[in-house]
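Enquirer: Pasting entry-v8.cif here (mmCIF, C-alpha atoms and all ligand atoms):
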data_work
#
loop_
_atom_site.group_PDB
_atom_site.id
_atom_site.type_symbol
_atom_site.label_atom_id
_atom_site.label_comp_id
_atom_site.auth_asym_id
_atom_site.auth_seq_id
_atom_site.Cartn_x
_atom_site.Cartn_y
_atom_site.Cartn_z
ATOM 1 C CA MET Z 1 0.000 0.000 0.000
ATOM 2 C CA ALA Z 2 1.336 3.412 -0.967
ATOM 3 C CA VAL Z 3 2.661 5.384 1.958
ATOM 4 C CA ILE Z 4 2.483 9.182 1.871
ATOM 5 C CA GLN Z 5 4.297 11.749 3.964
ATOM 6 C CA VAL Z 6 2.587 14.790 5.484
ATOM 7 C CA HIS Z 7 4.886 17.079 7.455
ATOM 8 C CA ASP Z 8 7.043 14.699 9.510
ATOM 9 C CA LYS Z 9 4.654 11.720 9.584
ATOM 10 C CA PHE Z 10 3.765 8.796 7.332
ATOM 11 C CA PHE Z 11 0.288 7.557 6.481
ATOM 12 C CA ASP Z 12 -1.208 4.683 4.499
ATOM 13 C CA VAL Z 13 -4.689 4.161 3.040
ATOM 14 C CA PHE Z 14 -7.248 3.052 5.591
ATOM 15 C CA ILE Z 15 -10.654 3.561 3.905
ATOM 16 C CA ASP Z 16 -10.666 3.921 0.129
ATOM 17 C CA LYS Z 17 -12.777 6.488 -1.716
ATOM 18 C CA GLU Z 18 -15.354 4.028 -3.092
ATOM 19 C CA THR Z 19 -15.984 2.394 0.295
ATOM 20 C CA LEU Z 20 -16.268 5.792 1.941
ATOM 21 C CA GLU Z 21 -18.658 7.288 -0.578
ATOM 22 C CA HIS Z 22 -20.779 4.135 -0.716
ATOM 23 C CA ARG Z 23 -21.203 4.312 3.040
ATOM 24 C CA ILE Z 24 -22.000 8.044 2.949
ATOM 25 C CA ALA Z 25 -24.735 7.366 0.363
ATOM 26 C CA TYR Z 26 -26.139 4.726 2.721
ATOM 27 C CA LEU Z 27 -26.237 7.234 5.597
ATOM 28 C CA ALA Z 28 -28.039 9.691 3.312
ATOM 29 C CA ALA Z 29 -30.631 7.027 2.490
ATOM 30 C CA GLU Z 30 -31.234 6.500 6.211
ATOM 31 C CA ILE Z 31 -31.681 10.250 6.727
ATOM 32 C CA ASN Z 32 -34.050 10.420 3.728
ATOM 33 C CA ALA Z 33 -36.199 7.726 5.328
ATOM 34 C CA ASP Z 34 -36.051 9.127 8.880
ATOM 35 C CA TYR Z 35 -36.834 12.717 7.826
ATOM 36 C CA SER Z 36 -39.296 11.996 5.010
ATOM 37 C CA ASP Z 37 -41.901 14.304 6.564
ATOM 38 C CA ARG Z 38 -39.522 16.943 7.936
ATOM 39 C CA GLN Z 39 -37.170 19.632 6.690
ATOM 40 C CA PRO Z 40 -33.972 19.300 8.723
ATOM 41 C CA LEU Z 41 -31.304 21.936 9.176
ATOM 42 C CA LEU Z 42 -27.833 20.447 8.792
ATOM 43 C CA ILE Z 43 -25.245 22.180 10.954
ATOM 44 C CA ALA Z 44 -21.850 21.206 9.608
ATOM 45 C CA VAL Z 45 -18.901 21.627 11.945
ATOM 46 C CA LEU Z 46 -15.994 23.298 10.161
ATOM 47 C CA ASN Z 47 -13.370 22.752 9.101
ATOM 48 C CA GLY Z 48 -13.180 18.991 8.887
ATOM 49 C CA SER Z 49 -16.737 18.163 7.810
ATOM 50 C CA PHE Z 50 -16.769 20.075 4.524
ATOM 51 C CA LEU Z 51 -16.191 17.105 2.197
ATOM 52 C CA PHE Z 52 -18.362 14.704 4.187
ATOM 53 C CA VAL Z 53 -21.318 17.090 4.245
ATOM 54 C CA ALA Z 54 -20.960 17.885 0.536
ATOM 55 C CA GLU Z 55 -20.985 14.200 -0.352
ATOM 56 C CA LEU Z 56 -23.857 13.471 2.048
ATOM 57 C CA MET Z 57 -25.977 16.337 0.814
ATOM 58 C CA LYS Z 58 -25.701 15.233 -2.815
ATOM 59 C CA SER Z 59 -27.655 12.097 -1.882
ATOM 60 C CA LEU Z 60 -30.306 13.791 0.280
ATOM 61 C CA LYS Z 61 -33.655 13.855 -1.525
ATOM 62 C CA ILE Z 62 -35.663 15.542 1.221
ATOM 63 C CA PRO Z 63 -35.983 19.321 1.467
ATOM 64 C CA CYS Z 64 -33.162 20.387 3.758
ATOM 65 C CA GLU Z 65 -31.074 23.421 4.677
ATOM 66 C CA ILE Z 66 -27.458 23.779 5.673
ATOM 67 C CA THR Z 67 -25.416 26.135 7.786
ATOM 68 C CA PHE Z 68 -21.910 26.009 9.208
ATOM 69 C CA ILE Z 69 -20.378 26.417 12.620
ATOM 70 C CA ARG Z 70 -16.703 26.483 13.412
ATOM 71 C CA VAL Z 71 -15.040 25.039 16.469
ATOM 72 C CA SER Z 72 -11.443 24.106 16.991
ATOM 73 C CA SER Z 73 -9.583 22.226 19.694
ATOM 74 C CA TYR Z 74 -6.927 20.079 18.060
ATOM 75 C CA GLN Z 75 -3.283 20.860 17.534
ATOM 76 C CA GLY Z 76 -1.018 18.394 15.772
ATOM 77 C CA THR Z 77 -2.101 14.805 16.401
ATOM 78 C CA GLY Z 78 -3.469 15.274 19.926
ATOM 79 C CA THR Z 79 -6.231 17.294 21.537
ATOM 80 C CA SER Z 80 -5.803 20.484 23.506
ATOM 81 C CA GLY Z 81 -8.933 19.434 25.378
ATOM 82 C CA VAL Z 82 -10.350 22.937 25.060
ATOM 83 C CA VAL Z 83 -13.318 23.423 22.782
ATOM 84 C CA LYS Z 84 -13.674 26.931 21.434
ATOM 85 C CA GLN Z 85 -16.658 28.116 19.443
ATOM 86 C CA VAL Z 86 -14.951 30.225 16.845
ATOM 87 C CA LEU Z 87 -17.823 30.915 14.490
ATOM 88 C CA GLY Z 88 -21.216 31.179 16.118
ATOM 89 C CA LEU Z 89 -24.563 30.219 14.756
ATOM 90 C CA ASN Z 90 -26.736 33.005 13.353
ATOM 91 C CA GLU Z 91 -29.814 30.926 12.497
ATOM 92 C CA ASP Z 92 -32.722 30.597 14.878
ATOM 93 C CA ILE Z 93 -32.947 26.857 15.508
ATOM 94 C CA ARG Z 94 -35.901 26.943 17.909
ATOM 95 C CA ASP Z 95 -38.357 24.167 16.928
ATOM 96 C CA ARG Z 96 -36.109 23.043 14.073
ATOM 97 C CA ASP Z 97 -34.997 19.464 13.399
ATOM 98 C CA VAL Z 98 -31.229 19.791 13.558
ATOM 99 C CA ILE Z 99 -28.637 17.304 12.339
ATOM 100 C CA ILE Z 100 -25.074 18.078 13.434
ATOM 101 C CA ILE Z 101 -22.556 16.944 10.828
ATOM 102 C CA GLU Z 102 -19.055 16.021 11.994
ATOM 103 C CA ASP Z 103 -16.082 14.421 10.325
ATOM 104 C CA ILE Z 104 -14.969 12.621 13.487
ATOM 105 C CA VAL Z 105 -15.972 12.058 17.095
ATOM 106 C CA ASP Z 106 -12.820 11.214 19.026
ATOM 107 C CA THR Z 107 -12.832 12.045 22.769
ATOM 108 C CA GLY Z 108 -16.379 13.399 22.429
ATOM 109 C CA HIS Z 109 -15.464 16.750 24.039
ATOM 110 C CA THR Z 110 -16.329 18.804 20.965
ATOM 111 C CA MET Z 111 -19.656 17.101 20.419
ATOM 112 C CA ALA Z 112 -20.691 17.223 24.069
ATOM 113 C CA GLU Z 113 -19.935 20.948 24.201
ATOM 114 C CA LEU Z 114 -21.737 21.650 20.934
ATOM 115 C CA LEU Z 115 -24.731 19.567 21.889
ATOM 116 C CA GLY Z 116 -25.063 21.550 25.104
ATOM 117 C CA GLN Z 117 -24.869 24.872 23.278
ATOM 118 C CA LEU Z 118 -27.357 23.856 20.582
ATOM 119 C CA THR Z 119 -29.832 22.172 22.934
ATOM 120 C CA ALA Z 120 -30.000 25.413 24.950
ATOM 121 C CA ARG Z 121 -31.499 27.048 21.859
ATOM 122 C CA LYS Z 122 -34.513 24.728 22.042
ATOM 123 C CA PRO Z 123 -34.544 22.892 18.717
ATOM 124 C CA ARG Z 124 -37.340 20.358 18.181
ATOM 125 C CA SER Z 125 -34.763 17.587 17.779
ATOM 126 C CA VAL Z 126 -31.004 17.222 17.484
ATOM 127 C CA GLU Z 127 -29.233 14.212 16.000
ATOM 128 C CA ILE Z 128 -25.598 13.674 15.076
ATOM 129 C CA ALA Z 129 -24.133 12.323 11.860
ATOM 130 C CA THR Z 130 -20.412 11.619 11.937
ATOM 131 C CA MET Z 131 -18.256 10.120 9.221
ATOM 132 C CA LEU Z 132 -15.890 8.504 11.751
ATOM 133 C CA HIS Z 133 -16.087 7.529 15.403
ATOM 134 C CA LYS Z 134 -13.333 6.269 17.711
ATOM 135 C CA PRO Z 135 -15.261 4.382 20.421
ATOM 136 C CA GLU Z 136 -12.126 3.504 22.419
ATOM 137 C CA ALA Z 137 -11.038 7.138 22.571
ATOM 138 C CA THR Z 138 -14.421 8.526 23.558
ATOM 139 C CA ARG Z 139 -14.443 9.943 27.087
ATOM 140 C CA ILE Z 140 -17.793 11.691 26.981
ATOM 141 C CA PRO Z 141 -20.395 9.386 25.427
ATOM 142 C CA VAL Z 142 -22.831 11.098 23.094
ATOM 143 C CA ASN Z 143 -25.664 9.508 21.173
ATOM 144 C CA LEU Z 144 -24.455 9.192 17.578
ATOM 145 C CA LYS Z 145 -27.399 8.384 15.339
ATOM 146 C CA TYR Z 146 -25.546 8.153 12.019
ATOM 147 C CA VAL Z 147 -21.990 6.783 12.017
ATOM 148 C CA GLY Z 148 -20.043 6.118 8.839
ATOM 149 C CA PHE Z 149 -17.292 3.984 10.348
ATOM 150 C CA ALA Z 150 -16.336 3.064 13.913
ATOM 151 C CA ILE Z 151 -12.550 2.955 13.823
ATOM 152 C CA GLU Z 152 -9.729 2.084 16.175
ATOM 153 C CA ASN Z 153 -7.932 4.723 18.182
ATOM 154 C CA ARG Z 154 -5.407 5.872 15.590
ATOM 155 C CA PHE Z 155 -4.824 9.300 14.120
ATOM 156 C CA VAL Z 156 -6.470 9.555 10.698
ATOM 157 C CA LEU Z 157 -6.152 12.010 7.858
ATOM 158 C CA GLY Z 158 -7.843 12.941 4.593
ATOM 159 C CA TYR Z 159 -11.351 13.595 3.261
ATOM 160 C CA GLY Z 160 -11.510 16.831 5.260
ATOM 161 C CA LEU Z 161 -9.331 15.754 8.176
ATOM 162 C CA ASP Z 162 -5.958 17.467 8.527
ATOM 163 C CA TYR Z 163 -2.606 17.100 10.176
ATOM 164 C CA ASP Z 164 -1.498 20.633 11.050
ATOM 165 C CA GLY Z 165 -3.400 22.103 8.134
ATOM 166 C CA LEU Z 166 -2.403 19.624 5.463
ATOM 167 C CA GLY Z 167 -4.117 16.535 4.034
ATOM 168 C CA ARG Z 168 -7.721 17.727 3.953
ATOM 169 C CA ASN Z 169 -7.762 17.347 0.163
ATOM 170 C CA LEU Z 170 -6.862 13.657 0.179
ATOM 171 C CA PRO Z 171 -9.746 11.746 -1.460
ATOM 172 C CA CYS Z 172 -9.819 8.899 1.085
ATOM 173 C CA ILE Z 173 -9.009 8.235 4.734
ATOM 174 C CA TYR Z 174 -5.388 7.556 5.675
ATOM 175 C CA GLN Z 175 -4.067 6.324 9.011
ATOM 176 C CA LEU Z 176 -0.850 7.117 10.794
ATOM 177 C CA VAL Z 177 1.903 4.556 10.331
ATOM 178 C CA GLU Z 178 3.403 4.125 13.810
HETATM 179 O O1 LIG M 1 -14.137 14.304 19.860
HETATM 180 P P1 LIG M 1 -13.035 15.309 19.953
HETATM 181 O O2 LIG M 1 -11.829 14.738 20.662
HETATM 182 O O3 LIG M 1 -13.466 16.607 20.545
HETATM 183 O O4 LIG M 1 -12.497 15.575 18.481
HETATM 184 C C1 LIG M 1 -13.329 15.830 17.403
HETATM 185 C C2 LIG M 1 -13.091 17.185 16.802
HETATM 186 O O5 LIG M 1 -11.744 17.284 16.322
HETATM 187 C C3 LIG M 1 -11.771 17.716 14.980
HETATM 188 O O6 LIG M 1 -11.772 19.109 14.885
HETATM 189 P P2 LIG M 1 -10.473 20.005 14.977
HETATM 190 O O7 LIG M 1 -10.430 20.654 16.335
HETATM 191 O O8 LIG M 1 -9.270 19.210 14.563
HETATM 192 O O9 LIG M 1 -10.750 21.156 13.933
HETATM 193 P P3 LIG M 1 -10.919 21.072 12.346
HETATM 194 O O10 LIG M 1 -12.261 20.422 12.071
HETATM 195 O O11 LIG M 1 -10.893 22.490 11.938
HETATM 196 O O12 LIG M 1 -9.785 20.262 11.787
HETATM 197 C C4 LIG M 1 -13.077 17.197 14.444
HETATM 198 O O13 LIG M 1 -13.508 17.916 13.314
HETATM 199 C C5 LIG M 1 -14.001 17.352 15.597
HETATM 200 O O14 LIG M 1 -14.615 18.620 15.617
HETATM 201 N N1 LIG M 2 -6.983 14.700 11.515
HETATM 202 C C1 LIG M 2 -7.553 14.262 12.633
HETATM 203 N N2 LIG M 2 -8.250 15.105 13.408
HETATM 204 C C2 LIG M 2 -8.818 14.583 14.509
HETATM 205 N N3 LIG M 2 -9.567 15.184 15.437
HETATM 206 C C3 LIG M 2 -9.891 14.264 16.337
HETATM 207 N N4 LIG M 2 -9.372 13.060 16.036
HETATM 208 C C4 LIG M 2 -8.694 13.248 14.882
HETATM 209 C C5 LIG M 2 -7.943 12.363 14.050
HETATM 210 O O1 LIG M 2 -7.772 11.158 14.279
HETATM 211 N N5 LIG M 2 -7.405 12.939 12.928
#
Hey, can you dump this file as structure tokens for me?

Expert:
Amino acid sequence: MAVIQVHDKFFDVFIDKETLEHRIAYLAAEINADYSDRQPLLIAVLNGSFLFVAELMKSLKIPCEITFIRVSSYQGTGTSGVVKQVLGLNEDIRDRDVIIIEDIVDTGHTMAELLGQLTARKPRSVEIATMLHKPEATRIPVNLKYVGFAIENRFVLGYGLDYDGLGRNLPCIYQLVE
């Protein structure tokens, strides 16, 4: 398997593009069925979710809206443990059916913090769709309704996910070669 270098680290392919996009289409089909009589608002968490949400949205057939929120806590390949809300939400989400879109749930800190902030605004419902989940790394359990892949506790890269700013453009998911 081809190994690539990003900054000082090496990565190999973990989930190829076809497998990834097939699974994302499946998640979209589930959302289409679950929200057939509703008009959800997708709140995509920047930066990492931009490719996932674009791919997901292409397969959504229901009427739906999208907005973006930006939070950031990671530096390098570890977490700072501090979740900052960098770009706030302007939309009124009261009585809306909200689906939070994430690229990855790792420790769960980001999602727990976001969920708290969004729930305080009294939406009708809030669910989470994440492309990747690391169950072994999760410290704060959150209810993840739509999960692309549950993966082991290894640093991953690509399809929106970065390593110090680089790698987001990679068309599939890579994992760190230890
Ligand atoms: O479950 P956690 O341990 O909180 O980690 C998950 C968060 O980490 C990543 O964001 P990051 O802070 O790297 O920002 P980015 O999306 O801009 O890359 C990812 O997009 C999640 O938001
Ligand atoms: N790129 C990247 N960002 C993350 N944020 C939380 N976990 C990860 C990870 O494994 N890779």

Enquirer: Within 10 Å of Lys61 in chain Z, counting all atoms listed in the file, which residues show up once you throw out same-chain ones fewer than 6 positions away? Write them as an mmCIF file with C-alpha atoms, in the frame of the given file, please.

Expert:
data_model
loop_
_atom_site.group_PDB
_atom_site.id
_atom_site.type_symbol
_atom_site.label_atom_id
_atom_site.label_comp_id
_atom_site.auth_asym_id
_atom_site.auth_seq_id
_atom_site.Cartn_x
_atom_site.Cartn_y
_atom_site.Cartn_z
ATOM 1 C CA ALA Z 28 -28.039 9.691 3.312
ATOM 2 C CA ALA Z 29 -30.631 7.027 2.490
ATOM 3 C CA ILE Z 31 -31.681 10.250 6.727
ATOM 4 C CA ASN Z 32 -34.050 10.420 3.728
ATOM 5 C CA ALA Z 33 -36.199 7.726 5.328
ATOM 6 C CA TYR Z 35 -36.834 12.717 7.826
ATOM 7 C CA SER Z 36 -39.296 11.996 5.010
#

Enquirer: For a quick check of understanding, using only C-alpha atoms and all ligand atoms, which of Z:Val147, Z:Val177, Z:Val126, Z:Val156 has the smallest distance to ligand LIG 2 (chain M)?

Expert: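 Of the candidates, the smallest distance to ligand LIG 2 (chain M) is held by Z:Val156.
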
Enquirer: Let me know the residues the PyMOL selection byres (((chain Z and resi 37-53) around 9) and not hetatm) catches in the file above, as a ChimeraX atom specification.

Expert: /Z:21,24,33-36,54-58,62-72,87,89,93,96-104,130-131,159-162,168-169

Enquirer: Could you list, as a ChimeraX atom specification, every residue matched by the PyMOL selection byres (((chain Z and resi 10-15) around 12) and not hetatm) in this structure?

Expert: /Z:1-9,16-23,131-132,148-152,154-159,162-163,167,170-178

Enquirer: Within 6 Å of range 107-111 of chain Z, counting only C-alpha atoms, which residues show up once you throw out same-chain ones fewer than 4 positions away? Write them as a list in words, please.

Expert: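 Residues meeting the cut-off are Val83, Leu115, Ala137, Thr138, Arg139 and Ile140 of chain Z.
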
Enquirer: One number please: atom P2 of ligand LIG 1 (chain M) to CA of Leu166 in chain Z, in Å, one decimal.

Expert: 12.5 Å

Enquirer: Measuring atom to atom with only C-alpha atoms, identify which of Z:Glu127, Z:Leu60, Z:Asp106, Z:Glu91 is nearest to Glu30 in chain Z.

Expert: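 The closest residue to Glu30 in chain Z is Z:Leu60.
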
Enquirer: Would you mind reading off the distance between atom O1 of ligand LIG 2 (chain M) and CA of Ile128 in chain Z, one decimal, in Å?

Expert: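 So the answer is 18.0 Å.
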
Enquirer: How many Å lie between CA of Val105 in chain Z and CA of Arg121 in chain Z, rounded to one decimal?

Expert: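 Between these atoms lies a distance of 22.1 Å.
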
Enquirer: Care to translate the PyMOL selection byres (((chain Z and resi 124) around 7) and not hetatm) into actual residues of this file, as a PDB file with C-alpha atoms, in the coordinates of the input?

Expert:
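After the write, expr_18.pdb holds the following:
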ATOM      1  CA  ARG Z  94     -35.901  26.943  17.909  1.00  0.00           C
ATOM      2  CA  ASP Z  95     -38.357  24.167  16.928  1.00  0.00           C
ATOM      3  CA  ARG Z  96     -36.109  23.043  14.073  1.00  0.00           C
ATOM      4  CA  ASP Z  97     -34.997  19.464  13.399  1.00  0.00           C
ATOM      5  CA  LYS Z 122     -34.513  24.728  22.042  1.00  0.00           C
ATOM      6  CA  PRO Z 123     -34.544  22.892  18.717  1.00  0.00           C
ATOM      7  CA  SER Z 125     -34.763  17.587  17.779  1.00  0.00           C
TER       8      SER Z 125
END

Enquirer: Measuring atom to atom with only C-alpha atoms and all ligand atoms, identify which of Z:Ala129, Z:Glu113, Z:Leu27, Z:Asp92 is nearest to ligand LIG 1 (chain M).

Expert: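 Answer, going by the shortest atom-to-atom distance: Z:Glu113.
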
Enquirer: Select, from Z:Lys134, Z:Thr119, Z:Lys145, Z:Ser59, the residue with the minimum atom-to-atom distance to ligand LIG 2 (chain M), counting only C-alpha atoms and all ligand atoms.

Expert: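 Ranked by minimum distance to ligand LIG 2 (chain M), first place goes to Z:Lys134.
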
Enquirer: Under the rule that all atoms listed in the file are counted, which of Z:Asp164, Z:Val142, Z:Ala25, Z:Glu136 is the nearest residue to ligand LIG 2 (chain M)?

Expert: Z:Asp164

Enquirer: Please determine, counting all atoms listed in the file, which residue among Z:Pro141, Z:Tyr146, Z:His133, Z:Gly88 has the shortest atom-to-atom distance to ligand LIG 2 (chain M).

Expert: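 The closest residue to ligand LIG 2 (chain M) is Z:His133.
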
Enquirer: Give the centre and edge lengths of an axis-aligned box, in Å to one decimal, that holds all listed atoms of ligand LIG 1 (chain M) with 6 Å on each side, as JSON.

Expert:
{"center_x": -11.9, "center_y": 18.4, "center_z": 16.2, "size_x": 17.3, "size_y": 20.2, "size_z": 20.9}
